[in-house]
file upload.cif (mmCIF, C-alpha atoms)
data_structure
#
loop_
_atom_site.group_PDB
_atom_site.id
_atom_site.type_symbol
_atom_site.label_atom_id
_atom_site.label_comp_id
_atom_site.auth_asym_id
_atom_site.auth_seq_id
_atom_site.Cartn_x
_atom_site.Cartn_y
_atom_site.Cartn_z
ATOM 1 C CA MET Q 391 0.000 0.000 0.000
ATOM 2 C CA THR Q 392 1.441 3.371 -1.017
ATOM 3 C CA VAL Q 393 1.769 6.281 1.383
ATOM 4 C CA ARG Q 394 -0.737 8.246 -0.677
ATOM 5 C CA ARG Q 395 -3.340 5.458 -0.593
ATOM 6 C CA PHE Q 396 -2.870 5.009 3.144
ATOM 7 C CA SER Q 397 -3.229 8.764 3.625
ATOM 8 C CA LEU Q 398 -6.463 8.754 1.631
ATOM 9 C CA ILE Q 399 -7.890 6.030 3.858
ATOM 10 C CA VAL Q 400 -6.906 7.904 7.023
ATOM 11 C CA LEU Q 401 -8.353 11.151 5.684
ATOM 12 C CA SER Q 402 -11.612 9.426 4.804
ATOM 13 C CA LEU Q 403 -11.926 7.912 8.263
ATOM 14 C CA LEU Q 404 -11.217 11.191 9.983
ATOM 15 C CA SER Q 405 -13.765 12.978 7.839
ATOM 16 C CA LEU Q 406 -16.460 10.827 9.407
ATOM 17 C CA THR Q 407 -15.863 12.456 12.802
ATOM 18 C CA ALA Q 408 -14.727 15.905 11.717
ATOM 19 C CA SER Q 409 -16.810 18.576 10.065
ATOM 20 C CA ALA Q 410 -16.048 18.199 6.358
ATOM 21 C CA GLY Q 411 -12.835 16.454 7.324
ATOM 22 C CA HIS Q 412 -11.446 19.729 8.524
ATOM 23 C CA ALA Q 413 -11.793 20.036 12.287
ATOM 24 C CA LEU Q 414 -9.282 17.331 13.176
ATOM 25 C CA ILE Q 415 -6.813 17.952 10.388
ATOM 26 C CA ASN Q 416 -4.919 21.199 10.230
ATOM 27 C CA SER Q 417 -1.533 20.820 8.642
ATOM 28 C CA PHE Q 418 -1.136 24.612 8.587
ATOM 29 C CA ALA Q 419 -1.358 25.220 12.338
ATOM 30 C CA GLY Q 420 1.086 27.876 13.475
ATOM 31 C CA ILE Q 421 2.055 29.232 10.043
ATOM 32 C CA ARG Q 422 2.968 32.897 9.643
ATOM 33 C CA TRP Q 423 0.033 34.889 8.335
ATOM 34 C CA LEU Q 424 0.440 37.750 5.882
ATOM 35 C CA PRO Q 425 2.336 40.873 6.980
ATOM 36 C CA PRO Q 426 0.656 44.296 7.101
ATOM 37 C CA ALA Q 427 0.105 45.485 3.551
ATOM 38 C CA GLY Q 428 1.368 49.032 3.976
ATOM 39 C CA THR Q 429 1.076 51.036 0.787
ATOM 40 C CA THR Q 430 -0.437 49.432 -2.304
ATOM 41 C CA GLU Q 431 -0.441 49.908 -6.056
ATOM 42 C CA ALA Q 432 -3.261 52.419 -5.551
ATOM 43 C CA ASP Q 433 -1.059 54.789 -3.494
ATOM 44 C CA TRP Q 434 1.103 57.468 -5.068
ATOM 45 C CA THR Q 435 4.023 56.503 -2.775
ATOM 46 C CA TYR Q 436 4.035 52.897 -3.982
ATOM 47 C CA PRO Q 437 6.890 53.354 -6.519
ATOM 48 C CA ALA Q 438 9.173 54.305 -3.625
ATOM 49 C CA LYS Q 439 8.277 51.087 -1.839
ATOM 50 C CA ARG Q 440 9.088 49.057 -4.945
ATOM 51 C CA LEU Q 441 12.415 50.866 -5.454
ATOM 52 C CA LEU Q 442 13.361 50.124 -1.854
ATOM 53 C CA GLU Q 443 12.570 46.440 -2.341
ATOM 54 C CA GLU Q 444 14.670 46.294 -5.502
ATOM 55 C CA ALA Q 445 17.560 47.964 -3.684
ATOM 56 C CA GLN Q 446 17.249 45.475 -0.822
ATOM 57 C CA LEU Q 447 17.439 42.591 -3.273
ATOM 58 C CA ASP Q 448 20.430 44.080 -5.103
ATOM 59 C CA LEU Q 449 22.273 44.512 -1.796
ATOM 60 C CA THR Q 450 21.622 40.940 -0.656
ATOM 61 C CA PRO Q 451 24.468 38.798 -2.024
ATOM 62 C CA ARG Q 452 23.771 35.567 -0.102
ATOM 63 C CA PRO Q 453 21.529 33.300 -2.237
ATOM 64 C CA GLU Q 454 19.465 31.978 0.669
ATOM 65 C CA ALA Q 455 18.872 35.506 1.988
ATOM 66 C CA ALA Q 456 17.830 36.701 -1.481
ATOM 67 C CA ARG Q 457 15.379 33.817 -1.800
ATOM 68 C CA ALA Q 458 13.898 34.641 1.600
ATOM 69 C CA LEU Q 459 13.548 38.264 0.552
ATOM 70 C CA LEU Q 460 11.692 37.326 -2.636
ATOM 71 C CA GLU Q 461 9.320 35.166 -0.616
ATOM 72 C CA THR Q 462 8.729 38.120 1.718
ATOM 73 C CA PHE Q 463 7.925 40.330 -1.265
ATOM 74 C CA ALA Q 464 5.472 37.730 -2.611
ATOM 75 C CA ARG Q 465 3.679 37.620 0.742
ATOM 76 C CA ARG Q 466 3.497 41.426 0.773
ATOM 77 C CA ARG Q 467 1.846 41.374 -2.627
ATOM 78 C CA LEU Q 468 -0.792 38.963 -1.313
ATOM 79 C CA ALA Q 469 -1.470 41.260 1.642
ATOM 80 C CA GLU Q 470 -1.787 44.182 -0.771
ATOM 81 C CA MET Q 471 -4.218 42.170 -2.897
ATOM 82 C CA GLU Q 472 -6.550 41.731 0.046
ATOM 83 C CA VAL Q 473 -6.514 45.485 0.713
ATOM 84 C CA LEU Q 474 -7.233 46.192 -2.947
ATOM 85 C CA VAL Q 475 -10.098 43.671 -2.966
ATOM 86 C CA ARG Q 476 -11.662 45.508 -0.021
ATOM 87 C CA ALA Q 477 -11.188 48.785 -1.873
ATOM 88 C CA GLY Q 478 -12.701 47.360 -5.059
ATOM 89 C CA ASN Q 479 -9.697 48.509 -7.107
ATOM 90 C CA ALA Q 480 -9.590 45.895 -9.871
ATOM 91 C CA ALA Q 481 -6.930 47.650 -11.980
ATOM 92 C CA ALA Q 482 -4.430 47.927 -9.122
ATOM 93 C CA LEU Q 483 -5.230 44.357 -8.083
ATOM 94 C CA ALA Q 484 -4.406 43.053 -11.565
ATOM 95 C CA LEU Q 485 -1.017 44.820 -11.502
ATOM 96 C CA THR Q 486 -0.283 43.420 -8.048
ATOM 97 C CA CYS Q 487 -1.075 39.899 -9.269
ATOM 98 C CA GLN Q 488 1.450 40.409 -12.041
ATOM 99 C CA ARG Q 489 4.080 41.540 -9.553
ATOM 100 C CA TYR Q 490 3.322 38.509 -7.381
ATOM 101 C CA GLU Q 491 3.965 36.164 -10.291
ATOM 102 C CA ARG Q 492 7.193 37.971 -11.207
ATOM 103 C CA HIS Q 493 8.459 37.407 -7.664
ATOM 104 C CA LEU Q 494 7.709 33.691 -7.990
ATOM 105 C CA ASP Q 495 9.432 33.549 -11.391
ATOM 106 C CA ALA Q 496 12.533 35.191 -9.929
ATOM 107 C CA LEU Q 497 12.482 32.898 -6.923
ATOM 108 C CA GLU Q 498 12.310 29.805 -9.111
ATOM 109 C CA GLN Q 499 15.218 31.030 -11.222
ATOM 110 C CA ARG Q 500 17.338 31.502 -8.110
ATOM 111 C CA ILE Q 501 16.447 28.080 -6.745
ATOM 112 C CA ALA Q 502 17.270 26.440 -10.089
ATOM 113 C CA MET Q 503 20.648 28.214 -10.245
ATOM 114 C CA SER Q 504 21.602 27.468 -6.638
ATOM 115 C CA LEU Q 505 24.655 25.254 -6.311
ATOM 116 C CA GLY Q 506 25.611 22.802 -3.583
ATOM 117 C CA GLY Q 507 23.616 21.667 -0.608
ATOM 118 C CA ALA Q 508 20.383 19.740 -1.070
ATOM 119 C CA PRO Q 509 18.397 21.045 -4.069
ATOM 120 C CA GLU Q 510 15.292 19.051 -3.164
ATOM 121 C CA ALA Q 511 15.222 20.734 0.245
ATOM 122 C CA ARG Q 512 15.138 24.141 -1.455
ATOM 123 C CA TRP Q 513 12.304 23.102 -3.785
ATOM 124 C CA LEU Q 514 10.421 21.566 -0.861
ATOM 125 C CA ALA Q 515 10.704 24.772 1.175
ATOM 126 C CA TYR Q 516 9.411 26.730 -1.822
ATOM 127 C CA ALA Q 517 6.559 24.260 -2.397
ATOM 128 C CA ASN Q 518 5.516 24.541 1.247
ATOM 129 C CA ALA Q 519 5.627 28.334 1.055
ATOM 130 C CA LEU Q 520 3.274 28.239 -1.937
ATOM 131 C CA LEU Q 521 0.927 25.844 -0.160
ATOM 132 C CA GLU Q 522 0.813 28.183 2.829
ATOM 133 C CA GLN Q 523 0.090 31.163 0.607
ATOM 134 C CA GLN Q 524 -2.796 29.318 -1.053
ATOM 135 C CA TYR Q 525 -4.154 28.309 2.329
ATOM 136 C CA ILE Q 526 -4.035 31.890 3.603
ATOM 137 C CA ILE Q 527 -5.818 33.240 0.525
ATOM 138 C CA SER Q 528 -8.542 30.595 0.677
ATOM 139 C CA THR Q 529 -9.007 31.097 4.439
ATOM 140 C CA ASP Q 530 -9.193 34.902 4.256
ATOM 141 C CA TYR Q 531 -11.448 34.743 1.212
ATOM 142 C CA LEU Q 532 -14.785 34.581 3.054
ATOM 143 C CA ASP Q 533 -13.911 37.653 5.136
ATOM 144 C CA LEU Q 534 -13.609 39.782 1.992
ATOM 145 C CA PRO Q 535 -16.440 41.600 0.172
ATOM 146 C CA ARG Q 536 -18.345 39.047 -1.888
ATOM 147 C CA GLU Q 537 -18.621 41.275 -4.958
ATOM 148 C CA GLN Q 538 -14.879 41.825 -5.287
ATOM 149 C CA ARG Q 539 -13.227 38.744 -3.757
ATOM 150 C CA THR Q 540 -13.638 36.552 -6.839
ATOM 151 C CA SER Q 541 -10.672 38.462 -8.292
ATOM 152 C CA LEU Q 542 -8.452 36.575 -5.824
ATOM 153 C CA ALA Q 543 -9.000 33.410 -7.838
ATOM 154 C CA GLU Q 544 -6.185 34.700 -10.053
ATOM 155 C CA ALA Q 545 -3.779 34.656 -7.099
ATOM 156 C CA ILE Q 546 -4.788 31.061 -6.346
ATOM 157 C CA ARG Q 547 -4.253 30.165 -10.008
ATOM 158 C CA ILE Q 548 -0.773 31.707 -10.010
ATOM 159 C CA ALA Q 549 0.280 30.050 -6.763
ATOM 160 C CA SER Q 550 -1.140 26.708 -7.899
ATOM 161 C CA LYS Q 551 0.697 26.885 -11.228
ATOM 162 C CA HIS Q 552 4.017 27.602 -9.553
ATOM 163 C CA TYR Q 553 3.368 24.951 -6.926
ATOM 164 C CA ALA Q 554 3.054 22.391 -9.737
ATOM 165 C CA ILE Q 555 6.470 23.512 -11.017
ATOM 166 C CA ALA Q 556 8.047 23.078 -7.584
ATOM 167 C CA ARG Q 557 6.282 19.777 -6.926
ATOM 168 C CA ALA Q 558 7.601 18.313 -10.174
ATOM 169 C CA ARG Q 559 11.160 18.819 -8.861
ATOM 170 C CA LEU Q 560 10.491 16.593 -5.838
ATOM 171 C CA SER Q 561 10.895 12.845 -5.466
ATOM 172 C CA THR Q 562 7.737 10.727 -5.287
ATOM 173 C CA PRO Q 563 8.012 10.112 -1.502
ATOM 174 C CA THR Q 564 8.436 13.846 -0.897
ATOM 175 C CA GLN Q 565 5.469 14.639 -3.119
ATOM 176 C CA GLU Q 566 3.357 12.151 -1.152
ATOM 177 C CA SER Q 567 4.400 13.781 2.113
ATOM 178 C CA LEU Q 568 2.558 16.943 0.985
ATOM 179 C CA PHE Q 569 -0.745 15.125 0.548
ATOM 180 C CA PHE Q 570 -2.501 16.406 3.674
ATOM 181 C CA ARG Q 571 -1.587 20.016 2.948
ATOM 182 C CA GLU Q 572 -2.795 19.685 -0.629
ATOM 183 C CA GLU Q 573 -6.083 18.187 0.542
ATOM 184 C CA GLU Q 574 -6.608 20.901 3.144
ATOM 185 C CA ILE Q 575 -6.181 23.601 0.509
ATOM 186 C CA ARG Q 576 -8.529 21.774 -1.836
ATOM 187 C CA TRP Q 577 -11.153 21.604 0.935
ATOM 188 C CA SER Q 578 -10.674 25.245 1.928
ATOM 189 C CA TRP Q 579 -10.912 26.530 -1.639
ATOM 190 C CA ASP Q 580 -13.937 24.339 -2.357
ATOM 191 C CA GLN Q 581 -15.648 25.927 0.646
ATOM 192 C CA ALA Q 582 -14.801 29.386 -0.672
ATOM 193 C CA LEU Q 583 -16.173 28.619 -4.143
ATOM 194 C CA GLY Q 584 -19.214 26.968 -2.598
ATOM 195 C CA ALA Q 585 -19.940 30.129 -0.647
ATOM 196 C CA ASP Q 586 -19.745 32.144 -3.860
ATOM 197 C CA ALA Q 587 -22.136 29.743 -5.576
ATOM 198 C CA GLN Q 588 -24.616 30.154 -2.724
ATOM 199 C CA GLY Q 589 -24.265 33.925 -2.669
ATOM 200 C CA LEU Q 590 -22.807 33.941 0.841
#
call {"tool": "encode", "arguments": {"input": "upload.cif", "output": "structure tokens"}}
result
Amino acid sequence: MTVRRFSLIVLSLLSLTASAGHALINSFAGIRWLPPAGTTEADWTYPAKRLLEEAQLDLTPRPEAARALLETFARRRLAEMEVLVRAGNAAALALTCQRYERHLDALEQRIAMSLGGAPEARWLAYANALLEQQYIISTDYLDLPREQRTSLAEAIRIASKHYAIARARLSTPTQESLFFREEEIRWSWDQALGADAQGL
């Protein structure tokens, strides 16, 4: 019996005693939530914020520190997206989504070019970061205005696409170890979409 099949059986059994399989399973307990958004694409001071971030990245020579910085920037963009959803600013939100994806592109390039150490560990850390970002978006989703929040589906799409890239770099046992997190995100996002369908 494979690890994935065993995990499916366990998840099914637990779902019988937990509400939608969710109450007893939380593989994201204790994760860092999004930072304060600060200024956003809608603010006239935003270019200064972006220039400061670019300068920080240019002045960070250590590869692992640069990767951490890019992940921080990606999380900031997600926080900004939530602010822009509340403000109903679709144009600024679309630009922020683009910036978010550029951060992920740059992060992947740096991981791919990293030498030495354990490459799978770097891809696994990145994959987990993307899973956490998807979980945060799907969890915060229902607290956002119903008319505007559907725009966040683009952020989920971007994170999911890049997660697939990272996951493909992992060995089969490592991929299977992510099963519970993947299922929790699938459940959380299904609940979000279900709420939209019901007009909640």
call {"tool": "closest_residue", "arguments": {"input": "upload.cif", "among": "Q:Leu521, Q:Leu534, Q:Ile548, Q:Ala554", "to": "Q:Ser417", "atoms": "only C-alpha atoms"}}
result
Q:Leu521
call {"tool": "residues_around", "arguments": {"input": "upload.cif", "residues": "Q:Tyr436", "least_positions_apart": "6", "cutoff": "12 Å", "atoms": "all atoms listed in the file", "output": "list in words"}}
result
Ala427, Gly428, Thr429, Thr430, Leu442, Glu443, Arg467, Glu470, Ala482 and Thr486 of chain Q
call {"tool": "atom_distance", "arguments": {"input": "upload.cif", "atom1": "atom CA of Q:Arg500", "atom2": "atom CA of Q:Phe418"}}
result
25.8 Å
call {"tool": "atom_distance", "arguments": {"input": "upload.cif", "atom1": "atom CA of Q:Phe463", "atom2": "atom CA of Q:His493"}}
result
7.1 Å
call {"tool": "resolve_selection", "arguments": {"input": "upload.cif", "expression": "the PyMOL selection byres ((chain Q and resi 461) around 9)", "output": "list in words"}}
result
Ala456, Arg457, Ala458, Leu459, Leu460, Thr462, Phe463, Ala464, Arg465, Arg466, His493, Leu494, Leu497, Tyr516 and Ala519 of chain Q
call {"tool": "resolve_selection", "arguments": {"input": "upload.cif", "expression": "the PyMOL selection byres ((chain Q and resi 513) around 10)", "output": "list in words"}}
result
Glu498, Ile501, Ala502, Ala508, Pro509, Glu510, Ala511, Arg512, Leu514, Ala515, Tyr516, Ala517, Asn518, Ala519, Tyr553, Ile555, Ala556, Arg557, Ala558, Arg559 and Leu560 of chain Q
call {"tool": "closest_residue", "arguments": {"input": "upload.cif", "among": "Q:Gln523, Q:Ser578, Q:Gln488, Q:Ser550", "to": "Q:Asn416", "atoms": "only C-alpha atoms"}}
result
Q:Ser578
call {"tool": "atom_distance", "arguments": {"input": "upload.cif", "atom1": "atom CA of Q:Leu583", "atom2": "atom CA of Q:Leu485"}}
result
23.4 Å
call {"tool": "closest_residue", "arguments": {"input": "upload.cif", "among": "Q:Ala455, Q:Ala480, Q:Ala432, Q:Ile526", "to": "Q:Ala419", "atoms": "only C-alpha atoms"}}
result
Q:Ile526
call {"tool": "closest_residue", "arguments": {"input": "upload.cif", "among": "Q:Leu520, Q:Thr529, Q:Pro535, Q:Leu568", "to": "Q:Arg547", "atoms": "all atoms listed in the file"}}
result
Q:Leu520
call {"tool": "resolve_selection", "arguments": {"input": "upload.cif", "expression": "the PyMOL selection byres ((chain Q and resi 580) around 12)", "output": "mmCIF file with C-alpha atoms, in the frame of the given file"}}
result
data_model
loop_
_atom_site.group_PDB
_atom_site.id
_atom_site.type_symbol
_atom_site.label_atom_id
_atom_site.label_comp_id
_atom_site.auth_asym_id
_atom_site.auth_seq_id
_atom_site.Cartn_x
_atom_site.Cartn_y
_atom_site.Cartn_z
ATOM 1 C CA ALA Q 410 -16.048 18.199 6.358
ATOM 2 C CA TYR Q 525 -4.154 28.309 2.329
ATOM 3 C CA SER Q 528 -8.542 30.595 0.677
ATOM 4 C CA THR Q 529 -9.007 31.097 4.439
ATOM 5 C CA TYR Q 531 -11.448 34.743 1.212
ATOM 6 C CA LEU Q 532 -14.785 34.581 3.054
ATOM 7 C CA ALA Q 543 -9.000 33.410 -7.838
ATOM 8 C CA GLU Q 573 -6.083 18.187 0.542
ATOM 9 C CA GLU Q 574 -6.608 20.901 3.144
ATOM 10 C CA ILE Q 575 -6.181 23.601 0.509
ATOM 11 C CA ARG Q 576 -8.529 21.774 -1.836
ATOM 12 C CA TRP Q 577 -11.153 21.604 0.935
ATOM 13 C CA SER Q 578 -10.674 25.245 1.928
ATOM 14 C CA TRP Q 579 -10.912 26.530 -1.639
ATOM 15 C CA GLN Q 581 -15.648 25.927 0.646
ATOM 16 C CA ALA Q 582 -14.801 29.386 -0.672
ATOM 17 C CA LEU Q 583 -16.173 28.619 -4.143
ATOM 18 C CA GLY Q 584 -19.214 26.968 -2.598
ATOM 19 C CA ALA Q 585 -19.940 30.129 -0.647
ATOM 20 C CA ASP Q 586 -19.745 32.144 -3.860
ATOM 21 C CA ALA Q 587 -22.136 29.743 -5.576
#
call {"tool": "closest_residue", "arguments": {"input": "upload.cif", "among": "Q:Thr562, Q:Gln524, Q:Ser567, Q:Gln446", "to": "Q:Ile546", "atoms": "all atoms listed in the file"}}
result
Q:Gln524
call {"tool": "closest_residue", "arguments": {"input": "upload.cif", "among": "Q:Pro437, Q:Pro453, Q:Ala469, Q:Arg492", "to": "Q:Ile527", "atoms": "all atoms listed in the file"}}
result
Q:Ala469
call {"tool": "axis_aligned_box", "arguments": {"input": "upload.cif", "around": "stretch 503-517 of chain Q", "padding_each_side": "8 Å", "output": "lines of an AutoDock Vina configuration file"}}
result
center_x = 16.1
center_y = 23.6
center_z = -4.5
size_x = 35.1
size_y = 25.2
size_z = 27.4
